[in-house]
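Chemist: One file is attached below, target13.cif, containing mmCIF, C-alpha atoms.
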data_protein
#
loop_
_atom_site.label_atom_id
_atom_site.label_comp_id
_atom_site.auth_asym_id
_atom_site.auth_seq_id
_atom_site.Cartn_x
_atom_site.Cartn_y
_atom_site.Cartn_z
CA MET A 5 -71.07 -1.23 -52.22
CA ALA A 6 -73.98 0.52 -50.50
CA LYS A 7 -76.08 -2.50 -51.33
CA HIS A 8 -73.43 -4.76 -49.79
CA GLN A 9 -73.38 -2.68 -46.62
CA SER A 10 -77.10 -3.00 -46.04
CA THR A 11 -76.99 -6.73 -46.91
CA ARG A 12 -74.21 -7.18 -44.37
CA ARG A 13 -76.05 -5.38 -41.61
CA LYS A 14 -79.26 -7.29 -42.28
CA ALA A 15 -77.47 -10.65 -42.51
CA LEU A 16 -75.56 -10.04 -39.28
CA ALA A 17 -78.77 -9.10 -37.48
CA ASP A 18 -80.57 -12.12 -38.95
CA GLY A 19 -77.81 -14.41 -37.71
CA VAL A 20 -78.02 -12.97 -34.20
CA ARG A 21 -81.82 -13.19 -34.24
CA ALA A 22 -81.89 -16.78 -35.52
CA PHE A 23 -79.51 -17.76 -32.74
CA ALA A 24 -81.38 -16.01 -29.92
CA PRO A 25 -83.63 -18.95 -28.88
CA LEU A 26 -80.54 -21.13 -28.40
CA LEU A 27 -79.15 -18.74 -25.78
CA ILE A 28 -81.48 -20.34 -23.23
CA ALA A 29 -79.14 -23.34 -23.28
CA VAL A 30 -75.86 -21.49 -23.86
CA VAL A 31 -76.06 -19.21 -20.81
CA PRO A 32 -76.46 -21.92 -18.13
CA PHE A 33 -73.98 -24.21 -19.96
CA GLY A 34 -71.39 -21.42 -19.92
CA LEU A 35 -72.05 -20.75 -16.23
CA VAL A 36 -71.77 -24.43 -15.35
CA PHE A 37 -68.57 -24.72 -17.35
CA GLY A 38 -67.07 -21.72 -15.54
CA ILE A 39 -68.06 -23.16 -12.15
CA VAL A 40 -66.47 -26.50 -13.07
CA ALA A 41 -63.33 -24.72 -14.33
CA ALA A 42 -63.09 -22.84 -11.03
CA GLY A 43 -62.66 -26.13 -9.17
CA SER A 44 -60.56 -27.95 -11.76
CA GLU A 45 -57.06 -29.38 -11.46
CA VAL A 46 -55.62 -26.98 -14.05
CA GLY A 47 -56.94 -23.97 -12.15
CA PRO A 48 -59.71 -21.51 -12.96
CA TRP A 49 -57.86 -19.33 -15.44
CA LEU A 50 -56.30 -21.99 -17.63
CA GLY A 51 -59.53 -24.00 -17.39
CA GLY A 52 -61.52 -20.91 -18.32
CA ALA A 53 -59.13 -19.98 -21.14
CA THR A 54 -60.23 -23.15 -22.96
CA SER A 55 -63.42 -21.24 -23.81
CA PHE A 56 -61.25 -18.97 -25.94
CA ILE A 57 -58.60 -21.46 -27.10
CA ILE A 58 -60.79 -24.52 -27.80
CA PHE A 59 -64.32 -23.02 -27.91
CA ALA A 60 -66.17 -26.36 -27.92
CA GLY A 61 -68.12 -27.09 -24.73
CA ALA A 62 -68.15 -30.89 -24.65
CA ALA A 63 -64.43 -31.13 -25.48
CA GLN A 64 -63.63 -28.46 -22.87
CA LEU A 65 -65.51 -30.36 -20.15
CA ALA A 66 -63.92 -33.67 -21.15
CA THR A 67 -60.47 -32.04 -21.11
CA LEU A 68 -60.95 -30.79 -17.55
CA GLN A 69 -62.37 -34.17 -16.47
CA LEU A 70 -59.33 -35.99 -17.93
CA PHE A 71 -56.90 -33.55 -16.28
CA ASP A 72 -58.70 -34.11 -12.96
CA ALA A 73 -58.34 -37.87 -13.46
CA GLY A 74 -54.61 -37.49 -14.14
CA ALA A 75 -54.72 -38.75 -17.74
CA ALA A 76 -51.57 -38.57 -19.92
CA GLY A 77 -51.23 -35.46 -22.10
CA ALA A 78 -51.37 -37.34 -25.40
CA VAL A 79 -54.56 -39.10 -24.28
CA VAL A 80 -56.19 -35.80 -23.30
CA ILE A 81 -55.39 -34.37 -26.75
CA ALA A 82 -56.53 -37.49 -28.64
CA THR A 83 -59.78 -37.73 -26.70
CA ALA A 84 -60.66 -34.06 -27.16
CA LEU A 85 -59.97 -34.27 -30.89
CA VAL A 86 -62.11 -37.41 -31.25
CA ILE A 87 -64.95 -35.53 -29.53
CA ASN A 88 -64.46 -32.66 -31.98
CA ALA A 89 -64.22 -34.91 -35.05
CA ARG A 90 -67.86 -34.09 -35.83
CA HIS A 91 -66.65 -30.70 -37.06
CA LEU A 92 -65.23 -32.50 -40.11
CA MET A 93 -68.81 -33.28 -41.09
CA TYR A 94 -69.92 -29.66 -40.63
CA SER A 95 -66.87 -28.37 -42.49
CA ALA A 96 -67.63 -30.67 -45.43
CA ALA A 97 -71.27 -29.56 -45.53
CA LEU A 98 -70.40 -25.83 -45.40
CA ALA A 99 -67.40 -25.92 -47.77
CA PRO A 100 -69.33 -25.15 -50.99
CA ALA A 101 -70.83 -21.99 -49.44
CA PHE A 102 -67.58 -20.88 -47.79
CA ARG A 103 -65.70 -21.22 -51.08
CA GLU A 104 -67.49 -18.04 -52.23
CA PHE A 105 -66.23 -16.01 -49.24
CA PRO A 106 -63.13 -13.76 -49.29
CA LYS A 107 -59.98 -15.61 -48.23
CA GLY A 108 -59.72 -13.92 -44.82
CA ALA A 109 -63.25 -14.91 -43.89
CA ARG A 110 -62.72 -18.43 -45.19
CA PHE A 111 -59.89 -18.93 -42.71
CA ALA A 112 -61.23 -16.88 -39.78
CA LEU A 113 -64.87 -17.98 -39.69
CA PRO A 114 -64.28 -21.71 -39.13
CA TYR A 115 -63.06 -20.73 -35.62
CA LEU A 116 -66.71 -19.84 -34.91
CA LEU A 117 -68.05 -23.16 -36.27
CA THR A 118 -70.07 -24.97 -33.59
CA ASP A 119 -72.94 -27.47 -33.51
CA GLN A 120 -75.43 -24.64 -33.09
CA ALA A 121 -73.97 -22.19 -35.64
CA PHE A 122 -73.81 -25.05 -38.14
CA ALA A 123 -77.40 -26.12 -37.55
CA ILE A 124 -78.93 -22.70 -38.12
CA SER A 125 -76.58 -21.68 -40.95
CA ILE A 126 -77.07 -24.80 -43.05
CA VAL A 127 -80.84 -24.20 -42.98
CA ARG A 128 -80.52 -20.53 -43.99
CA PHE A 129 -77.89 -21.31 -46.67
CA GLY A 130 -80.53 -23.51 -48.28
CA GLU A 131 -82.82 -20.48 -48.57
CA VAL A 132 -80.40 -17.65 -49.46
CA GLU A 133 -77.66 -17.98 -52.07
CA ASP A 134 -76.02 -14.55 -51.83
CA PRO A 135 -72.44 -15.17 -50.56
CA VAL A 136 -72.29 -11.76 -48.83
CA TYR A 137 -75.48 -12.56 -46.93
CA ARG A 138 -74.27 -16.06 -46.07
CA GLN A 139 -70.92 -14.79 -44.76
CA TRP A 140 -72.44 -12.22 -42.45
CA PHE A 141 -75.30 -14.46 -41.34
CA PHE A 142 -72.75 -17.07 -40.24
CA THR A 143 -70.70 -14.34 -38.54
CA GLY A 144 -73.78 -13.17 -36.61
CA ALA A 145 -74.74 -16.71 -35.59
CA GLY A 146 -71.15 -17.61 -34.66
CA LEU A 147 -70.59 -14.52 -32.52
CA SER A 148 -73.96 -15.04 -30.83
CA LEU A 149 -72.47 -18.14 -29.24
CA TRP A 150 -68.88 -16.93 -28.87
CA VAL A 151 -69.57 -13.70 -26.97
CA PRO A 152 -71.92 -15.12 -24.27
CA TRP A 153 -69.73 -18.23 -23.98
CA GLN A 154 -66.76 -16.06 -22.94
CA ILE A 155 -68.84 -13.83 -20.65
CA PHE A 156 -70.63 -16.67 -18.86
CA THR A 157 -67.46 -18.74 -18.50
CA ILE A 158 -65.94 -15.82 -16.58
CA ALA A 159 -69.16 -15.29 -14.60
CA GLY A 160 -69.14 -19.01 -13.72
CA ILE A 161 -65.51 -18.85 -12.57
CA VAL A 162 -66.27 -15.90 -10.29
CA LEU A 163 -69.39 -17.66 -8.97
CA GLY A 164 -67.61 -21.02 -8.66
CA ALA A 165 -64.95 -19.57 -6.39
CA GLN A 166 -67.69 -18.83 -3.82
CA ILE A 167 -69.20 -22.33 -3.86
CA PRO A 168 -67.96 -24.93 -1.34
CA ALA A 169 -66.82 -28.36 -2.62
CA SER A 170 -69.47 -30.10 -0.46
CA TRP A 171 -72.13 -28.96 -2.95
CA SER A 172 -70.89 -31.66 -5.38
CA LEU A 173 -71.00 -29.23 -8.28
CA ASP A 174 -68.49 -31.39 -10.16
CA PHE A 175 -71.51 -33.65 -10.74
CA ALA A 176 -72.69 -30.95 -13.15
CA ILE A 177 -70.15 -32.31 -15.69
CA PRO A 178 -71.89 -35.67 -16.30
CA LEU A 179 -75.26 -33.91 -16.08
CA MET A 180 -74.19 -31.58 -18.87
CA PHE A 181 -73.08 -34.57 -20.93
CA VAL A 182 -76.49 -36.20 -20.35
CA ILE A 183 -78.18 -33.12 -21.83
CA LEU A 184 -75.85 -33.23 -24.84
CA LEU A 185 -76.29 -37.00 -25.27
CA VAL A 186 -80.08 -37.23 -25.52
CA PRO A 187 -80.59 -35.40 -28.85
CA THR A 188 -77.78 -37.44 -30.50
CA ILE A 189 -79.80 -40.68 -30.09
CA LYS A 190 -81.59 -40.39 -33.42
CA GLY A 191 -82.07 -44.10 -34.03
CA ARG A 192 -81.14 -47.67 -33.13
CA PRO A 193 -77.50 -47.52 -34.34
CA GLU A 194 -76.90 -44.37 -32.24
CA LEU A 195 -78.47 -46.07 -29.20
CA ILE A 196 -76.26 -49.12 -29.68
CA ALA A 197 -73.19 -46.86 -30.04
CA ALA A 198 -74.07 -45.13 -26.76
CA VAL A 199 -74.83 -48.31 -24.79
CA LEU A 200 -71.64 -50.03 -25.91
CA GLY A 201 -69.56 -46.88 -25.42
CA ALA A 202 -70.87 -46.60 -21.86
CA THR A 203 -70.38 -50.28 -21.04
CA VAL A 204 -66.83 -50.53 -22.39
CA ALA A 205 -65.85 -47.23 -20.74
CA VAL A 206 -66.97 -48.61 -17.35
CA VAL A 207 -65.16 -51.92 -17.87
CA ALA A 208 -62.00 -50.15 -19.13
CA ALA A 209 -62.09 -47.41 -16.50
CA GLY A 210 -58.92 -48.76 -14.86
CA ALA A 211 -56.91 -48.70 -18.09
CA PRO A 212 -53.55 -46.88 -17.84
CA TYR A 213 -52.92 -43.27 -18.96
CA GLY A 214 -56.66 -42.50 -18.80
CA LEU A 215 -57.23 -44.51 -21.99
CA GLY A 216 -60.55 -45.95 -20.76
CA LEU A 217 -62.65 -43.17 -22.21
CA ILE A 218 -61.21 -43.36 -25.70
CA ILE A 219 -61.34 -47.19 -25.71
CA GLY A 220 -65.02 -46.97 -24.76
CA ALA A 221 -65.75 -44.26 -27.31
CA LEU A 222 -64.07 -46.09 -30.21
CA SER A 223 -65.84 -49.35 -29.28
CA GLY A 224 -69.14 -47.47 -29.32
CA VAL A 225 -68.38 -45.97 -32.75
CA ALA A 226 -67.49 -49.43 -34.11
CA ALA A 227 -70.72 -50.90 -32.71
CA GLY A 228 -72.73 -48.05 -34.24
CA VAL A 229 -71.15 -48.59 -37.66
CA LEU A 230 -71.85 -52.36 -37.51
CA ALA A 231 -75.44 -51.78 -36.44
CA TYR A 232 -75.87 -49.22 -39.23
CA ARG A 233 -74.47 -51.63 -41.82
CA ALA A 234 -76.80 -54.38 -40.60
CA ALA A 235 -79.91 -52.17 -40.69
CA PRO A 236 -79.38 -48.52 -41.70
CA MET B 14 -45.96 -31.43 -22.33
CA THR B 15 -47.24 -28.68 -20.05
CA ASN B 16 -50.96 -28.22 -19.39
CA VAL B 17 -50.88 -24.99 -21.41
CA GLY B 18 -49.25 -26.84 -24.32
CA ILE B 19 -51.88 -29.60 -24.19
CA ILE B 20 -54.73 -27.08 -24.25
CA PHE B 21 -53.19 -25.17 -27.16
CA ALA B 22 -52.68 -28.44 -29.07
CA ILE B 23 -56.40 -29.21 -28.63
CA GLY B 24 -57.32 -25.66 -29.68
CA ILE B 25 -55.20 -25.78 -32.84
CA GLY B 26 -56.38 -29.31 -33.66
CA THR B 27 -60.01 -28.30 -33.22
CA TYR B 28 -59.53 -25.28 -35.49
CA LEU B 29 -57.96 -27.52 -38.14
CA LEU B 30 -60.92 -29.93 -37.92
CA ARG B 31 -63.27 -26.98 -38.46
CA LEU B 32 -61.18 -25.64 -41.32
CA SER B 33 -60.60 -29.06 -42.92
CA PHE B 34 -62.99 -29.18 -45.86
CA ILE B 35 -63.43 -25.41 -46.03
CA GLY B 36 -59.77 -24.43 -46.27
CA ILE B 37 -57.57 -27.49 -46.71
CA VAL B 38 -59.19 -30.45 -48.43
CA GLY B 39 -60.98 -28.22 -50.92
CA ASP B 40 -63.58 -29.36 -53.38
CA ARG B 41 -63.82 -33.00 -52.44
CA VAL B 42 -66.90 -34.26 -50.66
CA MET B 43 -66.49 -36.36 -47.55
CA PRO B 44 -66.35 -40.04 -48.52
CA GLU B 45 -69.09 -42.34 -47.24
CA TRP B 46 -66.66 -44.55 -45.29
CA ALA B 47 -65.60 -41.53 -43.24
CA LEU B 48 -69.06 -40.04 -42.89
CA VAL B 49 -70.67 -43.07 -41.24
CA PRO B 50 -68.27 -43.42 -38.25
CA VAL B 51 -68.35 -39.66 -37.57
CA ARG B 52 -72.12 -39.90 -37.01
CA PHE B 53 -71.59 -42.22 -34.06
CA VAL B 54 -68.81 -40.26 -32.37
CA ALA B 55 -71.10 -37.96 -30.38
CA PRO B 56 -73.39 -40.62 -28.83
CA ALA B 57 -70.48 -43.02 -28.16
CA VAL B 58 -68.17 -40.42 -26.61
CA LEU B 59 -70.83 -38.75 -24.49
CA ALA B 60 -72.08 -42.08 -23.12
CA ALA B 61 -68.47 -43.12 -22.44
CA LEU B 62 -67.93 -39.85 -20.54
CA ILE B 63 -71.08 -40.21 -18.45
CA ALA B 64 -71.11 -43.88 -17.44
CA PRO B 65 -67.83 -44.15 -15.49
CA ALA B 66 -68.43 -40.78 -13.82
CA VAL B 67 -71.80 -41.82 -12.41
CA LEU B 68 -71.64 -45.64 -12.08
CA LEU B 69 -68.23 -46.01 -10.45
CA ALA B 70 -67.35 -45.10 -6.88
CA ASP B 71 -63.69 -45.49 -5.88
CA GLY B 72 -63.08 -47.38 -9.12
CA ALA B 73 -65.72 -50.08 -8.61
CA LEU B 74 -69.23 -50.43 -10.01
CA ASP B 75 -71.62 -49.13 -7.36
CA LEU B 76 -75.34 -48.72 -8.02
CA SER B 77 -76.40 -48.31 -4.38
CA PRO B 78 -78.20 -44.98 -3.76
CA ALA B 79 -76.68 -44.95 -0.27
CA SER B 80 -72.99 -45.21 -1.14
CA ASN B 81 -73.17 -43.77 -4.70
CA PRO B 82 -76.11 -41.35 -5.00
CA ARG B 83 -74.82 -40.18 -8.41
CA ALA B 84 -76.02 -43.33 -10.21
CA LEU B 85 -79.69 -42.85 -9.31
CA ALA B 86 -79.45 -39.05 -9.69
CA ALA B 87 -78.04 -39.51 -13.22
CA LEU B 88 -80.96 -41.79 -14.10
CA VAL B 89 -83.38 -39.07 -12.94
CA ALA B 90 -81.43 -36.53 -15.02
CA LEU B 91 -81.50 -38.80 -18.08
CA LEU B 92 -85.29 -39.15 -17.90
CA LEU B 93 -85.73 -35.39 -17.45
CA ALA B 94 -83.29 -34.59 -20.26
CA TRP B 95 -85.30 -36.88 -22.51
CA LYS B 96 -88.59 -35.24 -21.53
CA THR B 97 -87.59 -31.55 -21.24
CA ARG B 98 -84.23 -30.98 -23.05
CA SER B 99 -83.81 -28.10 -20.59
CA VAL B 100 -80.34 -27.31 -19.22
CA PRO B 101 -81.51 -25.59 -15.99
CA VAL B 102 -84.11 -28.28 -15.22
CA VAL B 103 -81.70 -31.19 -15.67
CA ILE B 104 -78.80 -29.59 -13.75
CA ALA B 105 -81.05 -28.52 -10.88
CA ALA B 106 -82.88 -31.86 -10.65
CA GLY B 107 -79.64 -33.86 -10.81
CA LEU B 108 -77.95 -31.84 -8.08
CA VAL B 109 -81.05 -31.82 -5.85
CA ALA B 110 -81.38 -35.60 -6.29
CA VAL B 111 -77.77 -36.08 -5.10
CA TRP B 112 -78.25 -33.78 -2.12
CA ALA B 113 -81.55 -35.45 -1.20
CA LEU B 114 -80.04 -38.96 -1.38
CA GLN B 115 -77.05 -37.80 0.69
CA ALA B 116 -79.45 -36.36 3.28
CA VAL B 117 -81.59 -39.52 3.44
CA PHE B 118 -78.78 -42.06 3.71
#
Can the structure in the file be given as structure tokens, please?

Modeler:
Amino acid sequence: MAKHQSTRRKALADGVRAFAPLLIAVVPFGLVFGIVAAGSEVGPWLGGATSFIIFAGAAQLATLQLFDAGAAGAVVIATALVINARHLMYSAALAPAFREFPKGARFALPYLLTDQAFAISIVRFGEVEDPVYRQWFFTGAGLSLWVPWQIFTIAGIVLGAQIPASWSLDFAIPLMFVILLVPTIKGRPELIAAVLGATVAVVAAGAPYGLGLIIGALSGVAAGVLAYRAAP
Amino acid sequence: MTNVGIIFAIGIGTYLLRLSFIGIVGDRVMPEWALVPVRFVAPAVLAALIAPAVLLADGALDLSPASNPRALAALVALLLAWKTRSVPVVIAAGLVAVWALQAVF
């Protein structure tokens, strides 16, 4: 037990430390999100509460953008879940390690699963096999994003309330998406997926119920799959 | 559905996606046919989010820096994101580009 305790403490600290360099991106992203939420259609507090309820930056921004555009509820939900579908991939990759965790942790920790926590955990899981270490390392990495995300969302909301609309800060939403997009273009099929997704989304922008985005996104995915099949 | 209900539905759905293979599907590995499309979701969705927001003005394609400064500013941001990957740099440059174009035209 004493051994477990020291493993836990070390693993938690390692998780926090491994995450630290990523905070450079998390802090301004959280601030920008809070500022955007402050000016959103759903209001600052419900917009900001998505940081707690959804806890996935890109989906949160897209949700606010769709609400602002007056999209139908079902379309907002479907679009956000398509954006978050990548978590299926992370969940599949982490499942063998998580199977060794106590049941409570196995059901609670996936709430903390993000792009960043996945990326650093999957690397460390390849190096350390101890389930106790893995569980607390993931907890440390996960909380390292969760805690500042909540704090800087609130800070952004407070800041956003002071900023006049003429500053065009809503333009920060597509800028944030640009930053998220660039590292996903890992090859030709990804580039084709992005170009077609963008083109179809522009053409379909007038589609009813705010369906344009999801039509564009699914067209892009289809184009990516075809391009991958042709030349992986 | 109320806005609160929509946001909770997304929150619960997102949690279930995260839990999927860990807590629900169990031992099975993700089949290849499902793995390939998921890879292209992020680039396709993000591009589909960006393009209409920066290329359209009042619902019509508008690439003029005078009437739609966001198109050119987004191009600047894209180049900087590619070169620097820095959140503060891209946000600041994109916003300054919009303000500068608004001031010039």

Chemist: Go through the shown structure with the PyMOL selection byres ((chain A and resi 46) around 9) and write out the matching residues as a PyMOL selection string.

Modeler: (chain A and resi 41+43-45+47-51+68+71-72) or (chain B and resi 16-17)

Chemist: Enter the distance from atom CA of B:Ala70 to atom CA of A:Thr157, in Å, rounded to one decimal.

Modeler: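 Value for the atom CA of B:Ala70-atom CA of A:Thr157 distance: 28.8 Å.
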
Chemist: Please identify every residue of stretch 13-93 of chain A that has at least one atom no farther than 9 Å from an atom of stretch 52-61 of chain B, counting only C-alpha atoms, and for each give the shortest atom pair and the distance in Å to one decimal, arranged by chain then increasing number, as a Markdown table.

Modeler:
| residue | atom | partner | partner_atom | distance |
| --- | --- | --- | --- | --- |
| A:Ala62 | CA | B:Leu59 | CA | 8.3 |
| A:Thr83 | CA | B:Val58 | CA | 8.8 |
| A:Val86 | CA | B:Val54 | CA | 7.4 |
| A:Ile87 | CA | B:Val58 | CA | 6.5 |
| A:Asn88 | CA | B:Ala55 | CA | 8.6 |
| A:Ala89 | CA | B:Val54 | CA | 7.5 |
| A:Arg90 | CA | B:Val54 | CA | 7.1 |
| A:Met93 | CA | B:Arg52 | CA | 8.5 |

Chemist: I'd like the contact shell of stretch 183-186 of chain A - 12 Å cut-off, all atoms listed in the file, skipping same-chain residues fewer than 2 positions apart - returned as a VMD selection string.

Modeler: (chain A and resid 29 to 30 32 to 33 61 to 63 65 119 to 120 176 to 181 188 to 191 194 to 195 197 to 199 201 to 202) or (chain B and resid 53 to 64 87 to 104 107)

Chemist: For B:Arg83, please output as a ChimeraX atom specification all residues within 10 Å (counting only C-alpha atoms; exclusion window: fewer than 2 positions along the same chain).

Modeler: /A:172,175,178-179 /B:66-70,75-81,85-89,107-108,110-112,114-115

Chemist: To one decimal place in Å, what is the distance between atom CA of A:Tyr137 and atom CA of A:Ala123?

Modeler: 16.6 Å

Chemist: To one decimal in Å, tell me the separation between atom CA of A:Phe102 and atom CA of A:Gln139.

Modeler: 7.6 Å

Chemist: Hey, could you pull the box centre and edge lengths for stretch 86-95 of chain B, axis-aligned, 5 Å padding per side, all listed atoms, to one decimal in Å, as lines of an AutoDock Vina configuration file?

Modeler:
center_x = -81.9
center_y = -38.2
center_z = -16.1
size_x = 17.7
size_y = 17.2
size_z = 22.8

Chemist: For the file shown, report as a ChimeraX atom specification the outcome of the PyMOL selection byres ((chain A and resi 106-118) around 8) at residue level.

Modeler: /A:60,91,95,102-105,119-122,139,142-143,146-147,150 /B:28,31-32,35-36

Chemist: Please enumerate the residues selected by the PyMOL selection byres ((chain A and resi 35) around 7) when evaluated against the supplied file, formatted as a list in words.

Modeler: Val31, Pro32, Phe33, Gly34, Val36, Phe37, Gly38, Ile39, Phe156, Thr157, Ala159 and Gly160 of chain A

Chemist: Between B:Pro44, B:Gly18, B:Gly24, B:Pro82, which residue has the minimum interatomic distance to chain A, considering all atoms listed in the file?

Modeler: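 Between B:Pro44, B:Gly18, B:Gly24, B:Pro82, the residue approaching chain A most closely is B:Gly24.
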
Chemist: Leaving out A:Ser125 and any residue of its chain fewer than 5 positions from it, which residues lie within 9 Å of it when counting only C-alpha atoms, given as a ChimeraX atom specification?

Modeler: /A:19,98,120,130,138,141-142,145

Chemist: Determine the nearest neighbour of chain B from the options A:Pro152, A:Pro168, A:Gly77, A:Gly214, counting all atoms listed in the file.

Modeler: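 Closest to chain B of all the choices is A:Gly77.
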
Chemist: What lies within 10 Å of A:Arg233 using only C-alpha atoms, ignoring chain neighbours under 6 positions off, as a PyMOL selection string?

Modeler: (chain A and resi 193+227) or (chain B and resi 49)

Chemist: Between A:Ile158, A:Ala75, A:Ile126, A:Ala221, which residue has the minimum interatomic distance to chain B, considering only C-alpha atoms?

Modeler: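 Going through A:Ile158, A:Ala75, A:Ile126, A:Ala221 one by one, the smallest distance to chain B is for A:Ala221.
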
Chemist: Have a look at A:Val162, A:Leu215, A:Leu173, A:Ile155 and name the one nearest to chain B; count all atoms listed in the file.

Modeler: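 Using all atoms listed in the file, chain B sits closest to A:Leu173.
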
Chemist: Using only C-alpha atoms for the distances, tell me which of A:Pro135, A:Gly52, A:Gly210, A:Gly144 is nearest to B:Asp71.

Modeler: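 Of A:Pro135, A:Gly52, A:Gly210, A:Gly144, the one nearest B:Asp71, counting only C-alpha atoms, is A:Gly210.
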
Chemist: I'd like the contact shell of A:Ala226 - 8 Å cut-off, all atoms listed in the file, skipping same-chain residues fewer than 4 positions apart - returned as JSON, numbers by chain.

Modeler: {"A": [197, 222, 230], "B": [50]}

Chemist: Restricting the calculation to all atoms listed in the file: of A:Gly224, A:Ile81, A:Trp171, A:Phe56, which residue gets closest to B:Val109?

Modeler: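 With all atoms listed in the file as the atom set, the closest residue is A:Trp171.
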